[in-house]
There are 2 protein chains.
Amino acid sequence: MKRPTIIDVARGAGVSKSLVSLVMRGASNVSDEKRQRVMTVAAQLGYRPNAVARSLVQRRTSLLGVLLSDLHNPFFAEVIDGIQAEAAAYGYRTILGTGDRVELTEARALETMLELRAEGLILASPVLPMRTIAAASRELPTVLVARRSRVATVDSVTNDDVAGASLAVAHLAALGHERIAHIDGGEGAGAPERRRGYERAMRKHGFGARVRIVPGSYTEDGGRRGVAELLSGEMPTAIFAANDLAAIGTLSALAERDVRVPEDVSVVGYDNTALAAVRLIHLTTVDQPRPEMGRAAVTLLLERLEGGRRTMRNVLMPPSLVVRGSTAAPRPRGSKRSRR
Amino acid sequence: MKRPTIIDVARGAGVSKSLVSLVMRGASNVSDEKRQRVMTVAAQLGYRPNAVARSLVQRRTSLLGVLLSDLHNPFFAEVIDGIQAEAAAYGYRTILGTGDRVELTEARALETMLELRAEGLILASPVLPMRTIAAASRELPTVLVARRSRVATVDSVTNDDVAGASLAVAHLAALGHERIAHIDGGEGAGAPERRRGYERAMRKHGFGARVRIVPGSYTEDGGRRGVAELLSGEMPTAIFAANDLAAIGTLSALAERDVRVPEDVSVVGYDNTALAAVRLIHLTTVDQPRPEMGRAAVTLLLERLEGGRRTMRNVLMPPSLVVRGSTAAPRPRGSKRSRR
DNA sequence: CGCCGTTAGTGGAACGTTCCACAAAATCTG
DNA sequence: CAGATTTTGTGGAACGTTCCACTAACGGCG
C-alpha cells in the first residue's frame, strides 16, 4: 500500500510529472482539460504532495519553529494564537516544541527544529542559556518572547512591565489609595521591571515615602508569604502583586485573616490569566496583549527572513488594565473595619 | 552563507560522504582516527544533518503528529507531557498543531501533518467530523484522545467517565450524603457517561429515588444555571458538577446566595484542573490520569506502527478522586442552617 | 605463502519533488 | 501565409541524505 507519487499521477493522467507538479501548485498556464484530468486522477489515487521532497529541492521548508518553555502556562496559548494566525497569513506553518522548563529538554527540542530546517525560531520564555540562543540565531532568525534580548542577532517581544506596574498604581491612586504595597516576583521574568515601575509610579504620585516592597514570587505561596510579611507592619489599603498567581495567594491569605477584598484591602494582579476572570476570584489585573505579541514575533522574523533586516529590534508591547471586583475605594479614614 | 552539507564535511576530512554519514549516525565499524577527523571537521563547519533529506531517502520521518483541539485547555498540556516522554523513549519526535476548536483550522493543521509525512496521528478531542478522521486513519495510524472511536481503523484513549462519576457519588455517600444532585455537562465530551455513572451509582447506593439531574454545561455559567434550577426544589446536601468549571460556577452561585461550602452543601467537580487546586477554590474533584493517557496514545500508535496490529483498541483509563475542601459530612438532620 | 573471513571504507543509485532550459503547438501580425 | 510571439508542456538535473553492492586491506591459519 505504497503512497502514490507525482509519477503515478502523471502516468495515470498521461502527462509529464512536471505538468502534475504545475497543476498541484495551481500554476496558471495549463489547459483546463489537462488540469481536470490531473485533478481527477490525483483524487482517485489519493495523491498528496510530499512536503519532504518539496522542501529538499526548494531548500526551504516554510516552517517556523516555536519553542515553548512550558505548555502548562496558559499565557503561551494565546501568544501562539497570534503566532499561528500571522504565520498562516504569510504562508508559513508552525511546528511547536516544548521543553518543560528543563534546559536539556529544551535544547533537544531546539535541535529537532534545526534539523527539521525550520526557517525561523520563536522562543517563548526559554530557560536556555543565552549562549545557546545566540548560537542558534547565527543559523536562522530568532526572536525571544517574554524575555529581553541583549544580543544583536536576536530580537525580542516583551510587554512593558514598567508601564504595566504604573497602570496598576495609577488605578489604585485614582481610587484614593495611598498606602499601596507591592509583593514582588523575586527572580521571575519581568519581576524587577514591575518592581521598578511600581516604585517609579509611587514617587510620581507623591507616595514616595509610602513605597513598601515585600519579597514574594510568581506563585500562590509567594502571595501568601507576602501577606504574612505585610501584617508585621501597618496594613496597606491596597496590594499590587507581581502576578495573578501571587495575587490569588494574597487573596486567600487575606480571606483566612478575615480581611475583606475589596472593602478592607484592594488587590491588583498581573497577567490577566483565565484564573483572574473566574467569578469567584474576579481579580483586577494588568493584561498583556498576548496574541499581538505572537503576531509581532512573527513580524520580526519575517523582517529578517524576507526584508533582510540585520539589526536588532526589541518590541515593547503596551499592557492594559482590566478592572474587576478586587479593587475599590479605600474605607474612609477612621471608619471601623467590620468583620463579616 | 550556505549551510554545509555532508559533502563539505567529507571533502574537509578527506573521506567519502558515506563515511561521514556513518560517523554521524554513530556506526560502530569506523576507525577512531577517521571518526575523530570527521567529528572535528563537522564541528568546525557547524554541520548539522539535514532531517529533510534523510527523511526523503529513508521514507520515514520519525514524526508523530499531535493535533490539539485547543491549546487553552490545560488538560492537554499534561497529556502532551505523557506523549512526548513516551515518543522520545521510542525515538520519535512530535510535532504539535492546534485547531482552536474550529473545524477548518483543524483540517488545515491535519493536512499539514499529512504533507509533512507524520507517521502517526494523535488527535486530542478534535471537533473534526468522524469522516475526516476515518479518512486520515487510512493513511496512517490514528488515535483519538478524550473522544471515543467507533471506527475500526481508529483507536482511542479515554477516561472512564462512568467510573469517575461513581467515585464522586461514592465519596459523597460515604460522608453521609443522600440528596446528591448532578449538574450535567450537556453535549460536552463524556458528559452523557458521567450522567449515566451518576445515575447508576445513586441506584447502587440505594438513592435511586433521589436522583436529580439539572441541565448545565462545561462552563462556569452552566454551573450557575444549575444552581438556580436546583434552588427551585428542595436543596440537595451535595452537588456533583459535570466538570471543574461548572463546579466553580456552582461554588460562586452558592456563595452569592450565602450557602456555605462545605458546611451547607458539598460540591464535587471533574477533571482536577489547576483551578481546582487553587487554595481559594480548593475543590474536591475527579482526576483523569492525563500523562498516562498521553503515553497510552503513543503506545497504541506504536502497536500499529511497529507491532502490526490492525484491530481497533479503545483504552479506558481509571480516574481517581482528589479530596479537597469542598466536601464534608452533611449537617446533622434538622440542625439550623447558619448564616454568616 | 596462499587462501579465507572480517573490517573499514567507497561510489553510485535512489528518495519525490521543483526548477530550468528548451520544444512543440497555438495564436498573433502585418 | 510566413514569421514572430505566446502559451503549454517536457525531460533531466538537482536537492542532501541513506542504502547497497562492492573493494581494499588486514590478519589468521593450515
# chains A, B, ... in the order shown; residues from 1 in each chain; ligands from 1
call {"tool": "residues_around", "arguments": {"residues": "region 260-274 of chain A", "least_positions_apart": "2", "cutoff": "7 Å", "atoms": "only C-alpha atoms (C1' of nucleotides)", "output": "list of chain:residue names"}}
result
A:Phe75, A:Ala168, A:Thr237, A:Ala238, A:Ile239, A:Phe240, A:Ala241, A:Ala242, A:Asn243, A:Asp244, A:Ala247, A:Ala255, A:Asp258, A:Ala276, A:Ala277, A:Val278, A:Leu283, A:Thr284, A:Thr285, A:Val286, A:Asp287, A:Gln288, A:Ser326, A:Thr327, A:Ala328, A:Pro330, A:Arg331, A:Arg337
call {"tool": "interface_residues", "arguments": {"of": "chain A", "to": "chain B", "cutoff": "7 Å", "atoms": "only C-alpha atoms", "output": "list in words"}}
result
Arg48, Pro49, Asn50, Ala51, Val52, Ala53, Leu56, Leu71, His72, Pro74, Ala77, Ile95, Leu96, Gly97, Glu115, Leu116, Ser252, Arg279, Leu280 and Arg340 of chain A
call {"tool": "write_last_selection", "arguments": {"atoms": "all heavy atoms", "output": "compact mmCIF listing (two decimals), in the first residue's frame"}}
result
# COMPACT_ATOMS: atom_id res chain seq x y z
N ARG A 48 -1.13 12.97 -2.42
CA ARG A 48 -0.92 14.15 -1.58
C ARG A 48 0.54 14.54 -1.73
O ARG A 48 1.42 13.71 -1.55
CB ARG A 48 -1.21 13.78 -0.13
CG ARG A 48 -1.15 14.91 0.85
CD ARG A 48 -1.26 14.38 2.25
NE ARG A 48 -2.37 13.48 2.43
CZ ARG A 48 -3.63 13.86 2.60
NH1 ARG A 48 -3.92 15.14 2.65
NH2 ARG A 48 -4.59 12.99 2.74
N PRO A 49 0.82 15.78 -2.10
CA PRO A 49 2.21 16.19 -2.33
C PRO A 49 3.06 15.87 -1.11
O PRO A 49 2.62 16.02 0.02
CB PRO A 49 2.11 17.70 -2.52
CG PRO A 49 0.69 17.99 -2.79
CD PRO A 49 -0.13 16.86 -2.29
N ASN A 50 4.27 15.46 -1.34
CA ASN A 50 5.19 15.14 -0.25
C ASN A 50 6.01 16.37 0.10
O ASN A 50 6.91 16.78 -0.63
CB ASN A 50 6.10 14.00 -0.71
CG ASN A 50 7.01 13.54 0.40
OD1 ASN A 50 7.35 14.30 1.28
ND2 ASN A 50 7.39 12.27 0.33
N ALA A 51 5.66 16.94 1.25
CA ALA A 51 6.32 18.18 1.66
C ALA A 51 7.82 17.96 1.88
O ALA A 51 8.62 18.88 1.74
CB ALA A 51 5.68 18.71 2.94
N VAL A 52 8.19 16.74 2.23
CA VAL A 52 9.60 16.46 2.50
C VAL A 52 10.41 16.64 1.21
O VAL A 52 11.41 17.35 1.18
CB VAL A 52 9.76 15.03 3.05
CG1 VAL A 52 11.23 14.70 3.19
CG2 VAL A 52 9.05 14.89 4.38
N ALA A 53 9.93 16.01 0.15
CA ALA A 53 10.65 16.12 -1.12
C ALA A 53 10.66 17.57 -1.60
O ALA A 53 11.67 18.07 -2.08
CB ALA A 53 9.99 15.22 -2.15
N LEU A 56 13.14 19.66 0.23
CA LEU A 56 14.53 19.35 -0.12
C LEU A 56 14.95 20.11 -1.37
O LEU A 56 15.98 20.79 -1.38
CB LEU A 56 14.68 17.85 -0.35
CG LEU A 56 16.11 17.42 -0.67
CD1 LEU A 56 17.03 17.76 0.49
CD2 LEU A 56 16.18 15.93 -0.98
N LEU A 71 4.18 24.34 28.31
CA LEU A 71 2.82 24.31 27.77
C LEU A 71 1.78 24.59 28.85
O LEU A 71 0.66 24.99 28.55
CB LEU A 71 2.55 22.92 27.21
CG LEU A 71 2.44 22.78 25.72
CD1 LEU A 71 1.98 21.39 25.37
CD2 LEU A 71 1.46 23.79 25.17
N HIS A 72 2.15 24.34 30.09
CA HIS A 72 1.14 24.45 31.16
C HIS A 72 0.77 25.88 31.44
O HIS A 72 -0.24 26.14 32.06
CB HIS A 72 1.68 23.81 32.44
CG HIS A 72 1.99 22.37 32.26
ND1 HIS A 72 3.13 21.93 31.65
CD2 HIS A 72 1.29 21.27 32.59
CE1 HIS A 72 3.12 20.61 31.63
NE2 HIS A 72 2.02 20.17 32.18
N PRO A 74 -0.87 28.99 30.61
CA PRO A 74 -1.89 29.40 29.63
C PRO A 74 -1.53 30.69 28.91
O PRO A 74 -2.06 30.99 27.85
CB PRO A 74 -3.15 29.57 30.48
CG PRO A 74 -2.66 29.72 31.88
CD PRO A 74 -1.36 29.00 31.98
N ALA A 77 -0.59 29.97 25.38
CA ALA A 77 -1.63 29.52 24.47
C ALA A 77 -2.10 30.68 23.60
O ALA A 77 -2.28 30.53 22.39
CB ALA A 77 -2.79 28.93 25.26
N ILE A 95 5.65 24.72 13.72
CA ILE A 95 5.73 23.49 14.48
C ILE A 95 6.09 23.88 15.90
O ILE A 95 6.94 24.75 16.14
CB ILE A 95 6.77 22.51 13.91
CG1 ILE A 95 8.11 23.20 13.71
CG2 ILE A 95 6.30 21.94 12.60
CD1 ILE A 95 9.18 22.22 13.31
N LEU A 96 5.40 23.24 16.82
CA LEU A 96 5.57 23.57 18.22
C LEU A 96 6.45 22.55 18.91
O LEU A 96 6.38 21.36 18.61
CB LEU A 96 4.20 23.54 18.91
CG LEU A 96 3.43 24.83 19.08
CD1 LEU A 96 3.50 25.66 17.83
CD2 LEU A 96 2.00 24.55 19.47
N GLY A 97 7.25 23.02 19.81
CA GLY A 97 8.02 22.11 20.65
C GLY A 97 7.95 22.61 22.08
O GLY A 97 7.71 23.79 22.30
N GLU A 115 17.29 20.65 12.85
CA GLU A 115 17.46 19.55 11.90
C GLU A 115 16.31 19.50 10.90
O GLU A 115 16.49 19.15 9.75
CB GLU A 115 17.56 18.22 12.64
CG GLU A 115 18.87 18.08 13.41
CD GLU A 115 19.08 16.67 13.93
OE1 GLU A 115 18.23 15.80 13.66
OE2 GLU A 115 20.11 16.44 14.59
N LEU A 116 15.16 19.87 11.39
CA LEU A 116 13.98 19.89 10.51
C LEU A 116 14.06 21.09 9.56
O LEU A 116 13.21 21.25 8.68
CB LEU A 116 12.72 20.00 11.36
CG LEU A 116 11.81 18.78 11.50
CD1 LEU A 116 12.55 17.48 11.25
CD2 LEU A 116 11.13 18.76 12.84
N SER A 252 -6.23 34.63 49.14
CA SER A 252 -6.64 33.58 50.07
C SER A 252 -6.04 33.81 51.45
O SER A 252 -6.68 33.55 52.46
CB SER A 252 -6.30 32.19 49.50
OG SER A 252 -4.93 31.95 49.52
N ARG A 279 -15.34 34.07 38.31
CA ARG A 279 -16.20 34.91 39.14
C ARG A 279 -15.82 34.90 40.61
O ARG A 279 -15.90 35.91 41.31
CB ARG A 279 -17.66 34.43 39.03
CG ARG A 279 -18.27 34.59 37.68
CD ARG A 279 -18.86 35.98 37.47
NE ARG A 279 -20.21 36.12 37.96
CZ ARG A 279 -21.31 35.94 37.22
NH1 ARG A 279 -21.21 35.59 35.97
NH2 ARG A 279 -22.48 36.13 37.74
N LEU A 280 -15.41 33.73 41.07
CA LEU A 280 -15.09 33.57 42.48
C LEU A 280 -13.85 34.37 42.86
O LEU A 280 -13.63 34.68 44.02
CB LEU A 280 -14.84 32.08 42.73
CG LEU A 280 -15.31 31.47 44.03
CD1 LEU A 280 -16.74 31.86 44.31
CD2 LEU A 280 -15.18 29.96 43.95
N ARG A 340 -17.09 40.14 58.94
CA ARG A 340 -18.34 39.53 58.50
C ARG A 340 -18.55 38.22 59.22
O ARG A 340 -17.62 37.66 59.77
CB ARG A 340 -18.33 39.30 56.97
CG ARG A 340 -17.10 38.64 56.44
CD ARG A 340 -17.32 38.29 54.97
NE ARG A 340 -16.05 37.92 54.35
CZ ARG A 340 -15.97 37.56 53.08
NH1 ARG A 340 -17.03 37.57 52.33
NH2 ARG A 340 -14.81 37.22 52.57
call {"tool": "interface_residues", "arguments": {"of": "chain B", "to": "chain C", "cutoff": "8 Å", "atoms": "only C-alpha atoms (C1' of nucleotides)", "output": "list in words"}}
result
Ser16, Ser18, Leu19, Asn29, Val30, Ser31, Leu56, Val57, Gln58 and Arg59 of chain B
call {"tool": "select_by_dssp", "arguments": {"residues": "region 173-336 of chain A", "states": "strand (DSSP E)", "output": "list in words"}}
result
Ile180, Ala181, His182, Ile183, Arg212, Ile213, Val214, Ala238, Ile239, Phe240, Ala241, Ser266, Val267, Val268, Gly269, Tyr270, Asp271, Thr284, Thr285, Val286, Asp287, Asn314, Val315, Leu316, Met317, Ser320, Leu321 and Val322 of chain A
call {"tool": "interface_residues", "arguments": {"of": "chain D", "to": "chain B", "cutoff": "8 Å", "atoms": "only C-alpha atoms (C1' of nucleotides)", "output": "PDB file with C-alpha atoms (C1' of nucleotides), in the first residue's frame"}}
result
ATOM      1  C1'  DC D  15      18.383  18.938  -3.540  1.00  0.00           C
ATOM      2  C1'  DG D  16      21.288  16.142   0.767  1.00  0.00           C
ATOM      3  C1'  DT D  17      20.906  12.238   2.558  1.00  0.00           C
ATOM      4  C1'  DT D  18      20.914   6.691   3.169  1.00  0.00           C
TER       5       DT D  18
END
call {"tool": "residues_around", "arguments": {"residues": "Pro318 (chain B)", "least_positions_apart": "2", "cutoff": "10 Å", "atoms": "only C-alpha atoms (C1' of nucleotides)", "output": "list in words"}}
result
Thr158, Asn159, Asp160, Asp161, Val162, Ala163, Gly164, Asp287, Gln288, Pro289, Met293, Val315, Leu316 and Ser320 of chain B
call {"tool": "write_last_selection", "arguments": {"atoms": "N, CA and C atoms", "output": "compact mmCIF listing (two decimals), in the first residue's frame"}}
result
# COMPACT_ATOMS: atom_id res chain seq x y z
N THR B 158 -9.57 7.06 26.44
CA THR B 158 -10.48 7.95 27.17
C THR B 158 -10.41 7.60 28.64
N ASN B 159 -10.96 8.48 29.42
CA ASN B 159 -11.03 8.16 30.83
C ASN B 159 -12.40 7.54 31.06
N ASP B 160 -12.50 6.70 32.08
CA ASP B 160 -13.76 6.01 32.34
C ASP B 160 -14.70 6.93 33.10
N ASP B 161 -15.47 7.69 32.34
CA ASP B 161 -16.33 8.70 32.96
C ASP B 161 -17.36 8.09 33.88
N VAL B 162 -17.84 6.93 33.49
CA VAL B 162 -18.84 6.26 34.32
C VAL B 162 -18.24 5.96 35.68
N ALA B 163 -17.03 5.39 35.66
CA ALA B 163 -16.36 5.06 36.91
C ALA B 163 -16.05 6.32 37.72
N GLY B 164 -15.65 7.39 37.03
CA GLY B 164 -15.33 8.64 37.71
C GLY B 164 -16.54 9.20 38.44
N ASP B 287 -9.96 13.12 39.20
CA ASP B 287 -8.77 13.33 38.38
C ASP B 287 -8.68 12.31 37.27
N GLN B 288 -8.29 12.77 36.09
CA GLN B 288 -8.01 11.84 35.00
C GLN B 288 -6.49 11.70 34.91
N PRO B 289 -6.00 10.50 34.66
CA PRO B 289 -4.55 10.30 34.60
C PRO B 289 -4.00 10.80 33.28
N MET B 293 -2.55 8.93 29.92
CA MET B 293 -3.37 8.87 28.72
C MET B 293 -2.53 9.20 27.49
N VAL B 315 -8.79 2.24 24.78
CA VAL B 315 -8.27 2.12 26.14
C VAL B 315 -9.07 3.01 27.07
N LEU B 316 -9.47 2.45 28.18
CA LEU B 316 -10.26 3.19 29.16
C LEU B 316 -9.41 3.35 30.41
N SER B 320 -9.41 8.91 39.33
CA SER B 320 -9.25 8.78 40.78
C SER B 320 -9.79 10.04 41.46
call {"tool": "atom_distance", "arguments": {"atom1": "CA of Leu321 (chain B)", "atom2": "CA of Gly216 (chain B)"}}
result
21.8 Å
call {"tool": "residues_around", "arguments": {"residues": "Pro192 (chain B)", "least_positions_apart": "2", "cutoff": "12 Å", "atoms": "only C-alpha atoms (C1' of nucleotides)", "output": "ChimeraX atom specification"}}
result
/B:160-162,165,182-190,194-199,213,215-217,242
call {"tool": "residues_around", "arguments": {"residues": "Val211 (chain A)", "least_positions_apart": "3", "cutoff": "9 Å", "atoms": "only C-alpha atoms (C1' of nucleotides)", "output": "list in words"}}
result
Arg179, Ile180, Ala181, His182, Tyr198, Glu199, Met202, Arg203, Phe207 and Gly208 of chain A
call {"tool": "write_last_selection", "arguments": {"atoms": "N, CA, C and O atoms", "output": "PDB file, in the first residue's frame"}}
result
ATOM      1  N   ARG A 179      -1.553  54.129  50.607  1.00  0.00           N
ATOM      2  CA  ARG A 179      -0.683  53.099  51.182  1.00  0.00           C
ATOM      3  C   ARG A 179      -0.802  51.849  50.320  1.00  0.00           C
ATOM      4  O   ARG A 179      -1.583  50.947  50.576  1.00  0.00           O
ATOM      5  N   ILE A 180      -0.033  51.855  49.240  1.00  0.00           N
ATOM      6  CA  ILE A 180      -0.062  50.750  48.273  1.00  0.00           C
ATOM      7  C   ILE A 180       1.227  49.951  48.413  1.00  0.00           C
ATOM      8  O   ILE A 180       2.316  50.508  48.236  1.00  0.00           O
ATOM      9  N   ALA A 181       1.095  48.676  48.734  1.00  0.00           N
ATOM     10  CA  ALA A 181       2.285  47.838  48.888  1.00  0.00           C
ATOM     11  C   ALA A 181       2.468  46.970  47.656  1.00  0.00           C
ATOM     12  O   ALA A 181       1.542  46.760  46.871  1.00  0.00           O
ATOM     13  N   HIS A 182       3.672  46.477  47.486  1.00  0.00           N
ATOM     14  CA  HIS A 182       3.965  45.602  46.350  1.00  0.00           C
ATOM     15  C   HIS A 182       4.566  44.293  46.854  1.00  0.00           C
ATOM     16  O   HIS A 182       5.522  44.303  47.629  1.00  0.00           O
ATOM     17  N   TYR A 198       6.616  50.046  39.784  1.00  0.00           N
ATOM     18  CA  TYR A 198       5.840  50.359  40.986  1.00  0.00           C
ATOM     19  C   TYR A 198       6.477  51.535  41.731  1.00  0.00           C
ATOM     20  O   TYR A 198       5.814  52.520  42.036  1.00  0.00           O
ATOM     21  N   GLU A 199       7.772  51.418  41.974  1.00  0.00           N
ATOM     22  CA  GLU A 199       8.477  52.469  42.714  1.00  0.00           C
ATOM     23  C   GLU A 199       8.364  53.814  42.014  1.00  0.00           C
ATOM     24  O   GLU A 199       8.025  54.833  42.623  1.00  0.00           O
ATOM     25  N   MET A 202       4.881  55.202  42.237  1.00  0.00           N
ATOM     26  CA  MET A 202       4.581  55.682  43.588  1.00  0.00           C
ATOM     27  C   MET A 202       5.168  57.090  43.791  1.00  0.00           C
ATOM     28  O   MET A 202       4.490  57.993  44.289  1.00  0.00           O
ATOM     29  N   ARG A 203       6.394  57.228  43.369  1.00  0.00           N
ATOM     30  CA  ARG A 203       7.030  58.535  43.504  1.00  0.00           C
ATOM     31  C   ARG A 203       6.294  59.585  42.680  1.00  0.00           C
ATOM     32  O   ARG A 203       6.040  60.686  43.132  1.00  0.00           O
ATOM     33  N   PHE A 207       3.775  59.417  46.472  1.00  0.00           N
ATOM     34  CA  PHE A 207       3.754  58.475  47.591  1.00  0.00           C
ATOM     35  C   PHE A 207       5.132  57.847  47.818  1.00  0.00           C
ATOM     36  O   PHE A 207       5.235  56.728  48.306  1.00  0.00           O
ATOM     37  N   GLY A 208       6.132  58.584  47.421  1.00  0.00           N
ATOM     38  CA  GLY A 208       7.483  58.047  47.503  1.00  0.00           C
ATOM     39  C   GLY A 208       7.810  57.508  48.895  1.00  0.00           C
ATOM     40  O   GLY A 208       8.482  56.483  49.042  1.00  0.00           O
TER      41      GLY A 208
END
